[in-house]
file run_22.cif (mmCIF, C-alpha atoms)
data_data
loop_
_atom_site.group_PDB
_atom_site.id
_atom_site.type_symbol
_atom_site.label_atom_id
_atom_site.label_comp_id
_atom_site.auth_asym_id
_atom_site.auth_seq_id
_atom_site.Cartn_x
_atom_site.Cartn_y
_atom_site.Cartn_z
ATOM 1 C CA MET A 197 40.064 -7.118 16.310
ATOM 2 C CA HIS A 198 36.757 -6.028 17.733
ATOM 3 C CA ASN A 199 37.557 -2.424 16.789
ATOM 4 C CA VAL A 200 38.371 -3.394 13.219
ATOM 5 C CA LEU A 201 35.056 -5.163 12.813
ATOM 6 C CA ARG A 202 33.309 -2.248 14.438
ATOM 7 C CA VAL A 203 34.769 0.267 11.966
ATOM 8 C CA GLY A 204 33.657 -2.006 9.139
ATOM 9 C CA ASP A 205 30.122 -1.999 10.534
ATOM 10 C CA VAL A 206 30.201 1.790 10.772
ATOM 11 C CA PHE A 207 31.203 2.189 7.120
ATOM 12 C CA LYS A 208 28.585 -0.320 6.049
ATOM 13 C CA ALA A 209 25.955 1.518 8.042
ATOM 14 C CA LEU A 210 26.964 4.871 6.536
ATOM 15 C CA ALA A 211 27.072 3.508 2.976
ATOM 16 C CA ASP A 212 23.298 3.804 2.610
ATOM 17 C CA PRO A 213 21.826 7.259 1.836
ATOM 18 C CA THR A 214 18.611 6.634 3.793
ATOM 19 C CA ARG A 215 20.628 5.741 6.884
ATOM 20 C CA ARG A 216 22.691 8.913 6.504
ATOM 21 C CA ILE A 217 19.461 10.941 6.331
ATOM 22 C CA ILE A 218 18.219 9.214 9.497
ATOM 23 C CA LEU A 219 21.412 10.376 11.241
ATOM 24 C CA ASP A 220 20.900 13.907 9.812
ATOM 25 C CA GLU A 221 17.401 14.003 11.279
ATOM 26 C CA LEU A 222 18.572 12.694 14.660
ATOM 27 C CA THR A 223 21.197 15.451 14.609
ATOM 28 C CA ASP A 224 18.400 17.970 13.983
ATOM 29 C CA ARG A 225 16.658 16.627 17.085
ATOM 30 C CA ASN A 226 17.956 13.782 19.186
ATOM 31 C CA GLY A 227 15.541 11.297 20.743
ATOM 32 C CA GLN A 228 12.815 10.430 18.253
ATOM 33 C CA THR A 229 10.159 7.751 18.065
ATOM 34 C CA LEU A 230 9.992 5.463 15.038
ATOM 35 C CA PHE A 231 6.895 7.398 13.965
ATOM 36 C CA GLU A 232 8.713 10.742 13.979
ATOM 37 C CA ILE A 233 11.656 9.344 12.007
ATOM 38 C CA CYS A 234 9.295 7.829 9.416
ATOM 39 C CA SER A 235 7.304 11.087 9.190
ATOM 40 C CA ARG A 236 10.435 13.170 8.642
ATOM 41 C CA LEU A 237 11.745 10.821 5.926
ATOM 42 C CA THR A 238 8.397 10.822 4.133
ATOM 43 C CA THR A 239 7.522 14.508 4.335
ATOM 44 C CA LYS A 240 10.913 16.244 4.370
ATOM 45 C CA HIS A 241 12.843 13.871 2.142
ATOM 46 C CA HIS A 242 10.041 12.291 0.094
ATOM 47 C CA LEU A 243 11.348 8.806 0.761
ATOM 48 C CA GLY A 244 8.753 6.128 0.182
ATOM 49 C CA SER A 245 10.345 3.563 2.508
ATOM 50 C CA SER A 246 7.977 1.438 4.553
ATOM 51 C CA ARG A 247 8.004 1.527 8.342
ATOM 52 C CA GLN A 248 9.497 -1.990 8.296
ATOM 53 C CA ALA A 249 12.306 -0.811 6.000
ATOM 54 C CA ILE A 250 13.074 2.159 8.265
ATOM 55 C CA SER A 251 13.012 -0.154 11.262
ATOM 56 C CA GLN A 252 15.592 -2.403 9.541
ATOM 57 C CA HIS A 253 17.777 0.626 8.736
ATOM 58 C CA LEU A 254 17.625 1.552 12.427
ATOM 59 C CA ASP A 255 18.664 -2.000 13.364
ATOM 60 C CA VAL A 256 21.763 -1.678 11.144
ATOM 61 C CA LEU A 257 22.610 1.719 12.670
ATOM 62 C CA GLU A 258 22.106 0.303 16.144
ATOM 63 C CA ALA A 259 24.327 -2.730 15.397
ATOM 64 C CA ALA A 260 27.073 -0.310 14.304
ATOM 65 C CA GLY A 261 26.640 1.640 17.525
ATOM 66 C CA LEU A 262 25.566 4.805 15.694
ATOM 67 C CA VAL A 263 22.035 4.747 17.111
ATOM 68 C CA GLU A 264 20.962 3.852 20.613
ATOM 69 C CA THR A 265 17.410 3.176 21.710
ATOM 70 C CA ARG A 266 16.079 3.951 25.137
ATOM 71 C CA ARG A 267 12.709 3.030 26.541
ATOM 72 C CA GLU A 268 11.184 5.839 28.550
ATOM 73 C CA GLY A 269 8.069 4.479 30.162
ATOM 74 C CA ARG A 270 5.892 3.122 27.380
ATOM 75 C CA TYR A 271 7.717 4.932 24.577
ATOM 76 C CA LYS A 272 10.897 4.005 22.731
ATOM 77 C CA PHE A 273 13.215 6.801 21.536
ATOM 78 C CA HIS A 274 16.189 6.699 19.151
ATOM 79 C CA TYR A 275 19.374 8.666 19.836
ATOM 80 C CA ILE A 276 22.424 9.278 17.657
ATOM 81 C CA ASN A 277 25.766 8.163 19.074
ATOM 82 C CA THR A 278 28.781 9.621 17.277
ATOM 83 C CA ALA A 279 31.379 7.764 19.386
ATOM 84 C CA PRO A 280 31.949 5.051 16.724
ATOM 85 C CA LEU A 281 32.970 7.825 14.286
ATOM 86 C CA GLU A 282 35.888 8.929 16.445
ATOM 87 C CA PRO A 283 38.320 6.157 15.373
ATOM 88 C CA ILE A 284 37.913 7.467 11.815
ATOM 89 C CA ILE A 285 39.027 10.933 12.911
ATOM 90 C CA GLU A 286 41.900 9.495 14.925
ATOM 91 C CA ARG A 287 43.092 7.337 12.057
ATOM 92 C CA TRP A 288 43.141 9.788 9.153
ATOM 93 C CA LEU A 289 42.139 13.293 10.165
ATOM 94 C CA ARG A 290 44.152 13.640 13.352
ATOM 95 C CA ASN A 291 47.366 12.015 12.220
ATOM 96 C CA PRO A 292 50.045 12.963 14.796
ATOM 97 C CA GLU A 293 53.015 12.759 12.368
ATOM 98 C CA LYS A 294 51.270 14.958 9.862
ATOM 99 C CA ASP A 295 50.340 17.455 12.595
ATOM 100 C CA ALA A 296 54.017 17.635 13.638
ATOM 101 C CA GLU A 297 55.171 18.782 10.207
ATOM 102 C CA MET B 169 -23.048 8.494 3.502
ATOM 103 C CA ARG B 170 -21.259 10.784 5.928
ATOM 104 C CA ILE B 171 -18.873 10.367 8.846
ATOM 105 C CA ASN B 172 -20.716 11.297 12.042
ATOM 106 C CA LEU B 173 -18.604 9.376 14.590
ATOM 107 C CA ALA B 174 -14.993 8.521 15.182
ATOM 108 C CA SER B 175 -13.736 6.693 18.237
ATOM 109 C CA VAL B 176 -10.737 6.360 20.485
ATOM 110 C CA LEU B 177 -10.291 3.307 22.714
ATOM 111 C CA VAL B 178 -9.741 4.534 26.264
ATOM 112 C CA ASP B 179 -8.764 2.619 29.394
ATOM 113 C CA ASP B 180 -11.083 4.644 31.665
ATOM 114 C CA GLN B 181 -14.056 6.648 30.416
ATOM 115 C CA GLU B 182 -14.230 9.079 33.341
ATOM 116 C CA LYS B 183 -10.514 9.874 33.119
ATOM 117 C CA ALA B 184 -10.862 10.197 29.348
ATOM 118 C CA LEU B 185 -13.788 12.616 29.669
ATOM 119 C CA ARG B 186 -11.690 14.821 31.952
ATOM 120 C CA PHE B 187 -8.685 14.802 29.628
ATOM 121 C CA TYR B 188 -10.606 15.326 26.390
ATOM 122 C CA THR B 189 -12.703 18.171 27.874
ATOM 123 C CA GLU B 190 -10.631 19.894 30.576
ATOM 124 C CA VAL B 191 -7.250 19.520 28.865
ATOM 125 C CA LEU B 192 -7.897 19.246 25.120
ATOM 126 C CA GLY B 193 -10.934 21.545 25.291
ATOM 127 C CA PHE B 194 -13.658 19.453 23.652
ATOM 128 C CA VAL B 195 -17.205 19.531 25.085
ATOM 129 C CA LYS B 196 -19.369 16.612 26.157
ATOM 130 C CA LYS B 197 -22.175 15.841 23.691
ATOM 131 C CA ASN B 198 -23.719 12.519 24.721
ATOM 132 C CA ASP B 199 -23.455 10.622 27.983
ATOM 133 C CA ILE B 200 -25.850 7.694 28.103
ATOM 134 C CA PRO B 201 -25.496 4.788 30.577
ATOM 135 C CA LEU B 202 -25.002 1.573 28.625
ATOM 136 C CA GLY B 203 -24.579 -1.504 30.805
ATOM 137 C CA GLU B 204 -21.303 -1.262 32.694
ATOM 138 C CA HIS B 205 -20.080 1.526 30.388
ATOM 139 C CA ARG B 206 -21.431 4.730 28.849
ATOM 140 C CA TRP B 207 -22.169 5.956 25.356
ATOM 141 C CA LEU B 208 -19.866 8.897 25.795
ATOM 142 C CA THR B 209 -19.055 11.385 23.052
ATOM 143 C CA VAL B 210 -17.351 14.764 22.797
ATOM 144 C CA VAL B 211 -17.357 17.399 20.062
ATOM 145 C CA SER B 212 -15.263 20.394 19.196
ATOM 146 C CA PRO B 213 -16.696 23.680 20.545
ATOM 147 C CA GLN B 214 -15.849 25.095 17.098
ATOM 148 C CA ASP B 215 -18.134 22.515 15.481
ATOM 149 C CA PRO B 216 -20.745 21.363 18.034
ATOM 150 C CA ASP B 217 -22.904 19.697 15.364
ATOM 151 C CA GLY B 218 -19.912 18.091 13.682
ATOM 152 C CA THR B 219 -18.309 14.685 13.990
ATOM 153 C CA GLU B 220 -18.572 13.220 17.489
ATOM 154 C CA LEU B 221 -15.600 11.496 19.066
ATOM 155 C CA VAL B 222 -16.681 8.382 20.969
ATOM 156 C CA LEU B 223 -14.655 7.673 24.119
ATOM 157 C CA GLU B 224 -14.969 3.931 23.814
ATOM 158 C CA PRO B 225 -13.864 1.377 26.438
ATOM 159 C CA ASP B 226 -10.800 -0.667 25.390
ATOM 160 C CA GLY B 227 -11.955 -3.793 27.209
ATOM 161 C CA HIS B 228 -11.459 -6.210 24.315
ATOM 162 C CA PRO B 229 -8.342 -8.320 24.979
ATOM 163 C CA ALA B 230 -6.917 -7.417 21.554
ATOM 164 C CA ALA B 231 -7.096 -3.691 22.271
ATOM 165 C CA LYS B 232 -4.335 -3.403 24.867
ATOM 166 C CA PRO B 233 -1.496 -5.126 22.942
ATOM 167 C CA PHE B 234 -2.536 -3.141 19.847
ATOM 168 C CA LYS B 235 -2.468 0.159 21.726
ATOM 169 C CA GLU B 236 0.814 -0.635 23.487
ATOM 170 C CA ALA B 237 2.523 -1.519 20.195
ATOM 171 C CA LEU B 238 1.423 1.773 18.622
ATOM 172 C CA VAL B 239 2.529 3.794 21.650
ATOM 173 C CA ALA B 240 5.957 2.088 21.787
ATOM 174 C CA ASP B 241 6.642 3.146 18.197
ATOM 175 C CA GLY B 242 5.219 6.629 18.799
ATOM 176 C CA ILE B 243 2.326 6.144 16.373
ATOM 177 C CA PRO B 244 -0.723 8.346 17.034
ATOM 178 C CA TYR B 245 -4.133 6.668 17.089
ATOM 179 C CA THR B 246 -5.738 9.680 15.437
ATOM 180 C CA SER B 247 -5.089 13.318 14.613
ATOM 181 C CA PHE B 248 -6.799 16.615 15.407
ATOM 182 C CA ALA B 249 -6.624 19.892 13.506
ATOM 183 C CA VAL B 250 -5.393 22.988 15.331
ATOM 184 C CA ASP B 251 -4.707 26.554 14.140
ATOM 185 C CA ASP B 252 -1.133 26.631 15.409
ATOM 186 C CA VAL B 253 0.703 23.522 16.589
ATOM 187 C CA GLY B 254 3.384 25.569 18.366
ATOM 188 C CA ALA B 255 0.868 27.584 20.390
ATOM 189 C CA GLU B 256 -1.177 24.493 21.227
ATOM 190 C CA TYR B 257 2.003 22.656 22.247
ATOM 191 C CA GLU B 258 2.876 25.458 24.695
ATOM 192 C CA ARG B 259 -0.673 25.576 26.082
ATOM 193 C CA LEU B 260 -0.888 21.802 26.605
ATOM 194 C CA ARG B 261 2.615 21.493 27.988
ATOM 195 C CA GLY B 262 1.648 24.148 30.528
ATOM 196 C CA LEU B 263 -1.158 21.815 31.594
ATOM 197 C CA GLY B 264 1.315 18.991 32.148
ATOM 198 C CA VAL B 265 0.700 17.082 28.922
ATOM 199 C CA ARG B 266 3.470 14.692 27.874
ATOM 200 C CA PHE B 267 4.606 14.985 24.250
ATOM 201 C CA THR B 268 6.447 12.153 22.478
ATOM 202 C CA GLN B 269 7.097 14.436 19.517
ATOM 203 C CA GLU B 270 7.614 18.154 19.910
ATOM 204 C CA PRO B 271 6.400 20.311 17.005
ATOM 205 C CA VAL B 272 8.145 19.539 13.720
ATOM 206 C CA ASP B 273 7.769 21.600 10.552
ATOM 207 C CA MET B 274 7.482 18.936 7.872
ATOM 208 C CA GLY B 275 6.902 21.311 4.993
ATOM 209 C CA PRO B 276 3.222 21.082 4.025
ATOM 210 C CA VAL B 277 2.252 20.153 7.578
ATOM 211 C CA THR B 278 3.448 20.863 11.109
ATOM 212 C CA THR B 279 2.753 18.145 13.656
ATOM 213 C CA ALA B 280 3.276 17.189 17.285
ATOM 214 C CA VAL B 281 2.323 14.026 19.180
ATOM 215 C CA LEU B 282 0.990 13.843 22.734
ATOM 216 C CA ASP B 283 -0.122 11.201 25.248
ATOM 217 C CA ASP B 284 -3.868 11.192 26.040
ATOM 218 C CA THR B 285 -3.216 9.455 29.433
ATOM 219 C CA CYS B 286 -5.749 6.779 28.403
ATOM 220 C CA GLY B 287 -3.341 4.567 26.459
ATOM 221 C CA ASN B 288 -3.181 6.490 23.164
ATOM 222 C CA LEU B 289 -0.981 8.955 21.385
ATOM 223 C CA LEU B 290 -2.710 11.789 19.526
ATOM 224 C CA GLN B 291 -1.316 13.934 16.755
ATOM 225 C CA ILE B 292 -2.115 17.618 16.421
ATOM 226 C CA ALA B 293 -1.482 19.215 13.043
ATOM 227 C CA HIS B 294 -1.882 22.330 10.977
ATOM 228 C CA GLN B 295 -1.418 22.743 7.231
ATOM 229 C CA ALA B 296 1.192 25.282 6.185
ATOM 230 C CA ASP B 297 -1.060 27.095 3.700
ATOM 231 C CA ALA B 298 -4.161 27.009 5.928
ATOM 232 C CA ARG B 299 -2.568 29.558 8.254
ATOM 233 C CA ARG B 300 -2.083 32.236 5.613
#

call {"tool": "encode", "arguments": {"input": "run_22.cif", "output": "structure tokens"}}
result
Amino acid sequence: MHNVLRVGDVFKALADPTRRIILDELTDRNGQTLFEICSRLTTKHHLGSSRQAISQHLDVLEAAGLVETRREGRYKFHYINTAPLEPIIERWLRNPEKDAE
Amino acid sequence: MRINLASVLVDDQEKALRFYTEVLGFVKKNDIPLGEHRWLTVVSPQDPDGTELVLEPDGHPAAKPFKEALVADGIPYTSFAVDDVGAEYERLRGLGVRFTQEPVDMGPVTTAVLDDTCGNLLQIAHQADARR
């Protein structure tokens, strides 16, 4: 049951284009401060979202397990975690019966 | 009206003077005893008569939580212009400077963010067209 809910959270998190861009940028370089993420969205993607809005997007991504935050000393960095995407691959893209054909 | 001063709030003026001169490469302009602290300013060697940066004590109780909140989110307190962020990043990293953001090409501007060891993050930046 937990897994089912989790997959739902993942889809919900990925449904928003800004959140997908955040994951793109964390793929470009993993481990970014809130400031760097906001700067990249503003300058590279011309998104006018406020820092608070970006922070809320990060909270949604973190709740879905797609982003992890780690404090290193006085700084807080955001990392992408692709593990919650694996059930999607297992369920539809790596179908064992289909592979056997 | 013109801007002759800008300030950064530092936790230790002597440590700040060392970092801003020996590491960043600014030069001391004014150093005047002022009660328990000093009126301490640095300037860029490229513009010795230009805007002075005041290394100002952060003793006010509101300063520390403010600075800590900015640092936690990676937000620089101020920004300095350099000719080449990548080259400056390599030079400063060689001197042991901690960066919270390595150089990023953001189109019109390239930036990096470093720790001034006095409780602040500083951005260094160059404009894309200014280099050509």

call {"tool": "residues_around", "arguments": {"input": "run_22.cif", "residues": "Gly287 (chain B)", "least_positions_apart": "2", "cutoff": "9 Å", "atoms": "only C-alpha atoms", "output": "tab-separated table (two decimals) with C-alpha atoms, keeping the file's coordinate frame"}}
result
chain	number	residue	atom	x	y	z
B	177	LEU	CA	-10.29	3.31	22.71
B	178	VAL	CA	-9.74	4.53	26.26
B	179	ASP	CA	-8.76	2.62	29.39
B	232	LYS	CA	-4.34	-3.40	24.87
B	235	LYS	CA	-2.47	0.16	21.73
B	236	GLU	CA	0.81	-0.64	23.49
B	239	VAL	CA	2.53	3.79	21.65
B	283	ASP	CA	-0.12	11.20	25.25
B	284	ASP	CA	-3.87	11.19	26.04
B	285	THR	CA	-3.22	9.46	29.43
B	289	LEU	CA	-0.98	8.96	21.38

call {"tool": "interface_residues", "arguments": {"input": "run_22.cif", "of": "chain A", "to": "chain B", "cutoff": "12 Å", "atoms": "only C-alpha atoms", "output": "ChimeraX atom specification"}}
result
/A:221,224-242,247-248,250-251,265-274

call {"tool": "atom_distance", "arguments": {"input": "run_22.cif", "atom1": "CA of Gly244 (chain A)", "atom2": "CA of Ala209 (chain A)"}}
result
19.5 Å

call {"tool": "resolve_selection", "arguments": {"input": "run_22.cif", "expression": "the PyMOL selection byres ((chain A and resi 207) around 12)", "output": "ChimeraX atom specification"}}
result
/A:200-206,208-213,215-216,256-257,259-262,280-281,283-284

call {"tool": "atom_distance", "arguments": {"input": "run_22.cif", "atom1": "CA of Val253 (chain B)", "atom2": "CA of His294 (chain B)"}}
result
6.3 Å

call {"tool": "residues_near_point", "arguments": {"input": "run_22.cif", "point": "(23.4, 7.6, 19.5)", "cutoff": "7 Å", "atoms": "all atoms listed in the file", "output": "PyMOL selection string"}}
result
chain A and resi 262-264+275-278

call {"tool": "atom_distance", "arguments": {"input": "run_22.cif", "atom1": "CA of Leu222 (chain A)", "atom2": "CA of Leu282 (chain B)"}}
result
19.4 Å

call {"tool": "resolve_selection", "arguments": {"input": "run_22.cif", "expression": "the PyMOL selection byres ((chain B and resi 186-189) around 12)", "output": "count of residues only"}}
result
38

call {"tool": "decode", "arguments": {"input": "run_22.cif", "residues": "region 212-225 of chain B", "atoms": "N, CA, C and O atoms", "output": "compact mmCIF listing (two decimals), in the first residue's frame"}}
result
# COMPACT_ATOMS: atom_id res chain seq x y z
N SER B 212 39.32 47.78 -4.21
CA SER B 212 39.91 46.96 -5.24
C SER B 212 41.20 47.63 -5.72
O SER B 212 41.22 48.85 -5.93
N PRO B 213 42.29 46.86 -5.90
CA PRO B 213 43.52 47.46 -6.44
C PRO B 213 43.31 48.01 -7.85
O PRO B 213 44.05 48.88 -8.30
N GLN B 214 42.26 47.52 -8.53
CA GLN B 214 41.96 48.03 -9.88
C GLN B 214 41.22 49.37 -9.83
O GLN B 214 41.08 50.03 -10.85
N ASP B 215 40.74 49.72 -8.64
CA ASP B 215 39.96 50.96 -8.50
C ASP B 215 40.16 51.52 -7.09
O ASP B 215 39.23 51.58 -6.29
N PRO B 216 41.41 51.95 -6.79
CA PRO B 216 41.74 52.35 -5.41
C PRO B 216 40.96 53.56 -4.91
O PRO B 216 40.82 53.74 -3.70
N ASP B 217 40.45 54.38 -5.83
CA ASP B 217 39.64 55.53 -5.39
C ASP B 217 38.15 55.26 -5.53
O ASP B 217 37.33 56.17 -5.39
N GLY B 218 37.83 54.00 -5.80
CA GLY B 218 36.42 53.64 -6.00
C GLY B 218 35.71 53.31 -4.70
O GLY B 218 36.18 53.66 -3.61
N THR B 219 34.58 52.65 -4.85
CA THR B 219 33.75 52.30 -3.69
C THR B 219 34.54 51.50 -2.67
O THR B 219 35.25 50.56 -3.02
N GLU B 220 34.42 51.92 -1.40
CA GLU B 220 35.10 51.20 -0.32
C GLU B 220 34.14 50.17 0.28
O GLU B 220 32.96 50.44 0.44
N LEU B 221 34.69 49.01 0.59
CA LEU B 221 33.91 47.97 1.25
C LEU B 221 34.23 48.03 2.75
O LEU B 221 35.39 47.87 3.15
N VAL B 222 33.22 48.30 3.55
CA VAL B 222 33.40 48.39 5.00
C VAL B 222 33.28 46.99 5.61
O VAL B 222 32.29 46.29 5.37
N LEU B 223 34.30 46.57 6.35
CA LEU B 223 34.24 45.29 7.06
C LEU B 223 33.67 45.61 8.45
O LEU B 223 34.38 46.01 9.36
N GLU B 224 32.37 45.45 8.54
CA GLU B 224 31.61 45.98 9.68
C GLU B 224 31.26 44.87 10.68
O GLU B 224 30.79 43.81 10.25
N PRO B 225 31.49 45.11 11.97
CA PRO B 225 31.19 44.07 12.96
C PRO B 225 29.71 43.68 12.95
O PRO B 225 28.84 44.54 12.78
